[in-house]
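Heads up: the structure comes next, in structure tokens.
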Amino acid sequence: MRVAIKVNGQECSSEIEPRLLLVHFLRSTLGLTGTHWGCDTSNCGACTVWLDGVPVKSCTTLAAMADGHEVKTIEGLESSGVLDPVQQGFIEEHGLQCGFCTPGMMMAARALLDRNPDPDEATIREAISGNLCRCTGYENIVRAIRWAAAHQTAQEGAIA
Ligand code: FES
Ligand code: FES
């Protein structure tokens, strides 16, 4: 079957097998290897991308389900070479160790901050509860997301 999916703002059209998972479409067909594949059972969240702005686990989403829809991956998070505050926060607060979970964490974090720009710690922990960090480095991840919340608010204030 042929699918047409907008990925990070670009139209991608491809002939695929109906059983192809979205994570494999992104990684193997499009070469967008920033989306990681960690468990294949919807547990770890490493494969988290957005489908029409909503975080989904791409290891349990068929590529066919994205036909005619919009997907955003970690490669689409920065804009014109400027890192998203979430990405910057992970740098500032050392929010990654091995880094395998990081793209999924960032996609979940950005989705949270889009709907709640100033979340408390409990809300942050709940928002990333579907994302497993096997290094158990959650303290710095939470700090990174708080850094992003504080600095994006400051940036918005500066623009206004
Ligand atoms: S690879 Fe999708 S949740 Fe783990
Ligand atoms: S930084 Fe290693 S799994 Fe999260």
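Chains: A, B, ... in order of the structure tokens. Residues: from 1 per chain. Ligands: from 1, in order shown.
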Counting only C-alpha atoms and all ligand atoms, what are the residues, protein, DNA or RNA alike, that approach ligand 2 to within 6 Å? I want them as a PyMOL selection string. chain A and resi 96-102+133-135
I want to know what sits within 10 Å of His94 (chain A), based on only C-alpha atoms, with residues of the same chain fewer than 4 positions away left out; could you give that as a ChimeraX atom specification? /A:88-90,137,139-141,143-144
Considering only C-alpha atoms, return as an NGL selection string whatever protein or nucleic-acid residues lie within 7 Å of region 107-120 of chain A, sequence-local ones (same chain, fewer than 6 positions apart) excluded. :A and (48-49 or 55 or 74 or 86 or 127-128 or 145 or 149)
Write out, as a PDB file, in the first residue's frame, the residues just selected, with C-alpha atoms.
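Result file is selection.pdb:
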ATOM      1  CA  THR A  48       7.691   8.205  21.387  1.00  0.00           C
ATOM      2  CA  VAL A  49       6.797  10.532  18.512  1.00  0.00           C
ATOM      3  CA  PRO A  55       2.582  11.630  21.803  1.00  0.00           C
ATOM      4  CA  ILE A  74      12.993  14.332  17.739  1.00  0.00           C
ATOM      5  CA  VAL A  86      13.656  21.010  26.460  1.00  0.00           C
ATOM      6  CA  ALA A 127       3.946  13.026  32.222  1.00  0.00           C
ATOM      7  CA  ILE A 128       7.103  10.949  31.749  1.00  0.00           C
ATOM      8  CA  ILE A 145      12.217  19.741  32.185  1.00  0.00           C
ATOM      9  CA  ALA A 149       9.715  25.427  31.744  1.00  0.00           C
TER      10      ALA A 149
END
Record the distance separating CA of Glu70 (chain A) and CA of Ile124 (chain A), expressed in Å with one decimal.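 Those two atoms sit 25.3 Å apart.
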Neighbours of ligand 1 within 12 Å, counting only C-alpha atoms and all ligand atoms, as a PDB file with N, CA and C atoms, in the first residue's frame?
ATOM      1  N   LEU A  21       5.490  -1.195  11.106  1.00  0.00           N
ATOM      2  CA  LEU A  21       5.296  -0.323  12.264  1.00  0.00           C
ATOM      3  C   LEU A  21       5.858   1.064  11.974  1.00  0.00           C
ATOM      4  N   LEU A  22       5.254   2.061  12.624  1.00  0.00           N
ATOM      5  CA  LEU A  22       5.693   3.441  12.394  1.00  0.00           C
ATOM      6  C   LEU A  22       7.164   3.623  12.769  1.00  0.00           C
ATOM      7  N   VAL A  23       7.606   2.986  13.868  1.00  0.00           N
ATOM      8  CA  VAL A  23       9.009   3.134  14.273  1.00  0.00           C
ATOM      9  C   VAL A  23       9.953   2.641  13.171  1.00  0.00           C
ATOM     10  N   HIS A  24       9.596   1.571  12.499  1.00  0.00           N
ATOM     11  CA  HIS A  24      10.460   1.055  11.435  1.00  0.00           C
ATOM     12  C   HIS A  24      10.364   1.928  10.180  1.00  0.00           C
ATOM     13  N   THR A  35      14.532   8.415  16.605  1.00  0.00           N
ATOM     14  CA  THR A  35      13.484   7.675  17.307  1.00  0.00           C
ATOM     15  C   THR A  35      14.020   6.295  17.629  1.00  0.00           C
ATOM     16  N   HIS A  36      14.081   5.980  18.915  1.00  0.00           N
ATOM     17  CA  HIS A  36      14.711   4.715  19.307  1.00  0.00           C
ATOM     18  C   HIS A  36      13.674   3.612  19.490  1.00  0.00           C
ATOM     19  N   TRP A  37      14.168   2.401  19.437  1.00  0.00           N
ATOM     20  CA  TRP A  37      13.322   1.212  19.522  1.00  0.00           C
ATOM     21  C   TRP A  37      13.879   0.371  20.664  1.00  0.00           C
ATOM     22  N   GLY A  38      13.162   0.389  21.793  1.00  0.00           N
ATOM     23  CA  GLY A  38      13.753  -0.187  22.995  1.00  0.00           C
ATOM     24  C   GLY A  38      13.107  -1.446  23.515  1.00  0.00           C
ATOM     25  N   CYS A  39      11.810  -1.668  23.247  1.00  0.00           N
ATOM     26  CA  CYS A  39      11.169  -2.832  23.877  1.00  0.00           C
ATOM     27  C   CYS A  39      10.178  -3.519  22.958  1.00  0.00           C
ATOM     28  N   ASP A  40       9.529  -2.747  22.093  1.00  0.00           N
ATOM     29  CA  ASP A  40       8.555  -3.324  21.169  1.00  0.00           C
ATOM     30  C   ASP A  40       7.252  -3.742  21.857  1.00  0.00           C
ATOM     31  N   THR A  41       7.091  -3.408  23.119  1.00  0.00           N
ATOM     32  CA  THR A  41       5.890  -3.833  23.849  1.00  0.00           C
ATOM     33  C   THR A  41       5.163  -2.666  24.497  1.00  0.00           C
ATOM     34  N   SER A  42       5.500  -1.446  24.085  1.00  0.00           N
ATOM     35  CA  SER A  42       4.813  -0.250  24.580  1.00  0.00           C
ATOM     36  C   SER A  42       5.154   0.086  26.031  1.00  0.00           C
ATOM     37  N   ASN A  43       6.282  -0.419  26.508  1.00  0.00           N
ATOM     38  CA  ASN A  43       6.669  -0.174  27.900  1.00  0.00           C
ATOM     39  C   ASN A  43       7.655   0.969  28.091  1.00  0.00           C
ATOM     40  N   CYS A  44       8.626   1.110  27.194  1.00  0.00           N
ATOM     41  CA  CYS A  44       9.774   1.963  27.519  1.00  0.00           C
ATOM     42  C   CYS A  44       9.645   3.409  27.045  1.00  0.00           C
ATOM     43  N   GLY A  45       8.851   3.653  26.021  1.00  0.00           N
ATOM     44  CA  GLY A  45       8.655   5.023  25.542  1.00  0.00           C
ATOM     45  C   GLY A  45       9.797   5.592  24.717  1.00  0.00           C
ATOM     46  N   ALA A  46      10.839   4.791  24.465  1.00  0.00           N
ATOM     47  CA  ALA A  46      11.964   5.298  23.668  1.00  0.00           C
ATOM     48  C   ALA A  46      11.523   5.684  22.253  1.00  0.00           C
ATOM     49  N   CYS A  47      10.445   5.092  21.804  1.00  0.00           N
ATOM     50  CA  CYS A  47       9.968   5.284  20.422  1.00  0.00           C
ATOM     51  C   CYS A  47       8.942   6.406  20.307  1.00  0.00           C
ATOM     52  N   THR A  48       8.762   7.194  21.370  1.00  0.00           N
ATOM     53  CA  THR A  48       7.691   8.205  21.387  1.00  0.00           C
ATOM     54  C   THR A  48       7.877   9.269  20.308  1.00  0.00           C
ATOM     55  N   VAL A  49       6.848   9.438  19.497  1.00  0.00           N
ATOM     56  CA  VAL A  49       6.797  10.532  18.512  1.00  0.00           C
ATOM     57  C   VAL A  49       5.412  11.166  18.654  1.00  0.00           C
ATOM     58  N   PRO A  55       1.545  12.652  21.689  1.00  0.00           N
ATOM     59  CA  PRO A  55       2.582  11.630  21.803  1.00  0.00           C
ATOM     60  C   PRO A  55       2.008  10.221  21.674  1.00  0.00           C
ATOM     61  N   VAL A  56       2.650   9.411  20.847  1.00  0.00           N
ATOM     62  CA  VAL A  56       2.248   8.001  20.685  1.00  0.00           C
ATOM     63  C   VAL A  56       3.512   7.154  20.695  1.00  0.00           C
ATOM     64  N   LYS A  57       3.332   5.880  21.001  1.00  0.00           N
ATOM     65  CA  LYS A  57       4.455   4.957  20.948  1.00  0.00           C
ATOM     66  C   LYS A  57       4.493   4.344  19.546  1.00  0.00           C
ATOM     67  N   SER A  58       5.528   4.693  18.813  1.00  0.00           N
ATOM     68  CA  SER A  58       5.562   4.314  17.396  1.00  0.00           C
ATOM     69  C   SER A  58       5.853   2.838  17.190  1.00  0.00           C
ATOM     70  N   CYS A  59       6.195   2.115  18.289  1.00  0.00           N
ATOM     71  CA  CYS A  59       6.417   0.666  18.156  1.00  0.00           C
ATOM     72  C   CYS A  59       5.111  -0.103  18.163  1.00  0.00           C
ATOM     73  N   THR A  60       4.039   0.577  18.551  1.00  0.00           N
ATOM     74  CA  THR A  60       2.741  -0.099  18.533  1.00  0.00           C
ATOM     75  C   THR A  60       1.733   0.714  17.721  1.00  0.00           C
ATOM     76  N   THR A  61       2.260   1.480  16.774  1.00  0.00           N
ATOM     77  CA  THR A  61       1.438   2.237  15.833  1.00  0.00           C
ATOM     78  C   THR A  61       1.837   1.770  14.438  1.00  0.00           C
ATOM     79  N   LEU A  62       0.865   1.406  13.628  1.00  0.00           N
ATOM     80  CA  LEU A  62       1.192   1.033  12.254  1.00  0.00           C
ATOM     81  C   LEU A  62       1.477   2.294  11.438  1.00  0.00           C
ATOM     82  N   PHE A 100      19.734   6.759  25.570  1.00  0.00           N
ATOM     83  CA  PHE A 100      18.834   5.962  24.726  1.00  0.00           C
ATOM     84  C   PHE A 100      17.378   6.402  24.875  1.00  0.00           C
ATOM     85  N   CYS A 101      16.984   6.720  26.103  1.00  0.00           N
ATOM     86  CA  CYS A 101      15.598   7.118  26.346  1.00  0.00           C
ATOM     87  C   CYS A 101      15.335   8.574  25.982  1.00  0.00           C
ATOM     88  N   PRO A 103      15.375  10.848  23.398  1.00  0.00           N
ATOM     89  CA  PRO A 103      14.437  11.402  22.414  1.00  0.00           C
ATOM     90  C   PRO A 103      12.975  11.240  22.829  1.00  0.00           C
ATOM     91  N   GLY A 104      12.635  10.061  23.333  1.00  0.00           N
ATOM     92  CA  GLY A 104      11.253   9.834  23.776  1.00  0.00           C
ATOM     93  C   GLY A 104      10.897  10.715  24.956  1.00  0.00           C
ATOM     94  N   MET A 105      11.846  10.868  25.879  1.00  0.00           N
ATOM     95  CA  MET A 105      11.626  11.746  27.036  1.00  0.00           C
ATOM     96  C   MET A 105      11.357  13.176  26.565  1.00  0.00           C
ATOM     97  N   SER A 129       5.879   9.221  32.946  1.00  0.00           N
ATOM     98  CA  SER A 129       5.765   7.901  33.571  1.00  0.00           C
ATOM     99  C   SER A 129       5.724   6.771  32.536  1.00  0.00           C
ATOM    100  N   GLY A 130       5.422   7.106  31.291  1.00  0.00           N
ATOM    101  CA  GLY A 130       5.439   6.086  30.238  1.00  0.00           C
ATOM    102  C   GLY A 130       6.789   5.989  29.557  1.00  0.00           C
ATOM    103  N   ASN A 131       7.780   6.691  30.095  1.00  0.00           N
ATOM    104  CA  ASN A 131       9.120   6.704  29.497  1.00  0.00           C
ATOM    105  C   ASN A 131      10.112   6.157  30.513  1.00  0.00           C
ATOM    106  N   LEU A 132      10.716   5.046  30.151  1.00  0.00           N
ATOM    107  CA  LEU A 132      11.628   4.360  31.072  1.00  0.00           C
ATOM    108  C   LEU A 132      13.070   4.776  30.797  1.00  0.00           C
ATOM    109  N   CYS A 133      13.748   5.220  31.866  1.00  0.00           N
ATOM    110  CA  CYS A 133      15.186   5.445  31.768  1.00  0.00           C
ATOM    111  C   CYS A 133      15.864   4.310  32.524  1.00  0.00           C
ATOM    112  N   ARG A 134      16.535   3.466  31.795  1.00  0.00           N
ATOM    113  CA  ARG A 134      17.131   2.289  32.428  1.00  0.00           C
ATOM    114  C   ARG A 134      18.348   2.658  33.281  1.00  0.00           C
TER     115      ARG A 134
END
For Leu26 (chain A), the closest of A:Thr136, A:Ser80, A:Gln152, A:Thr73 counting only C-alpha atoms is A:Thr73
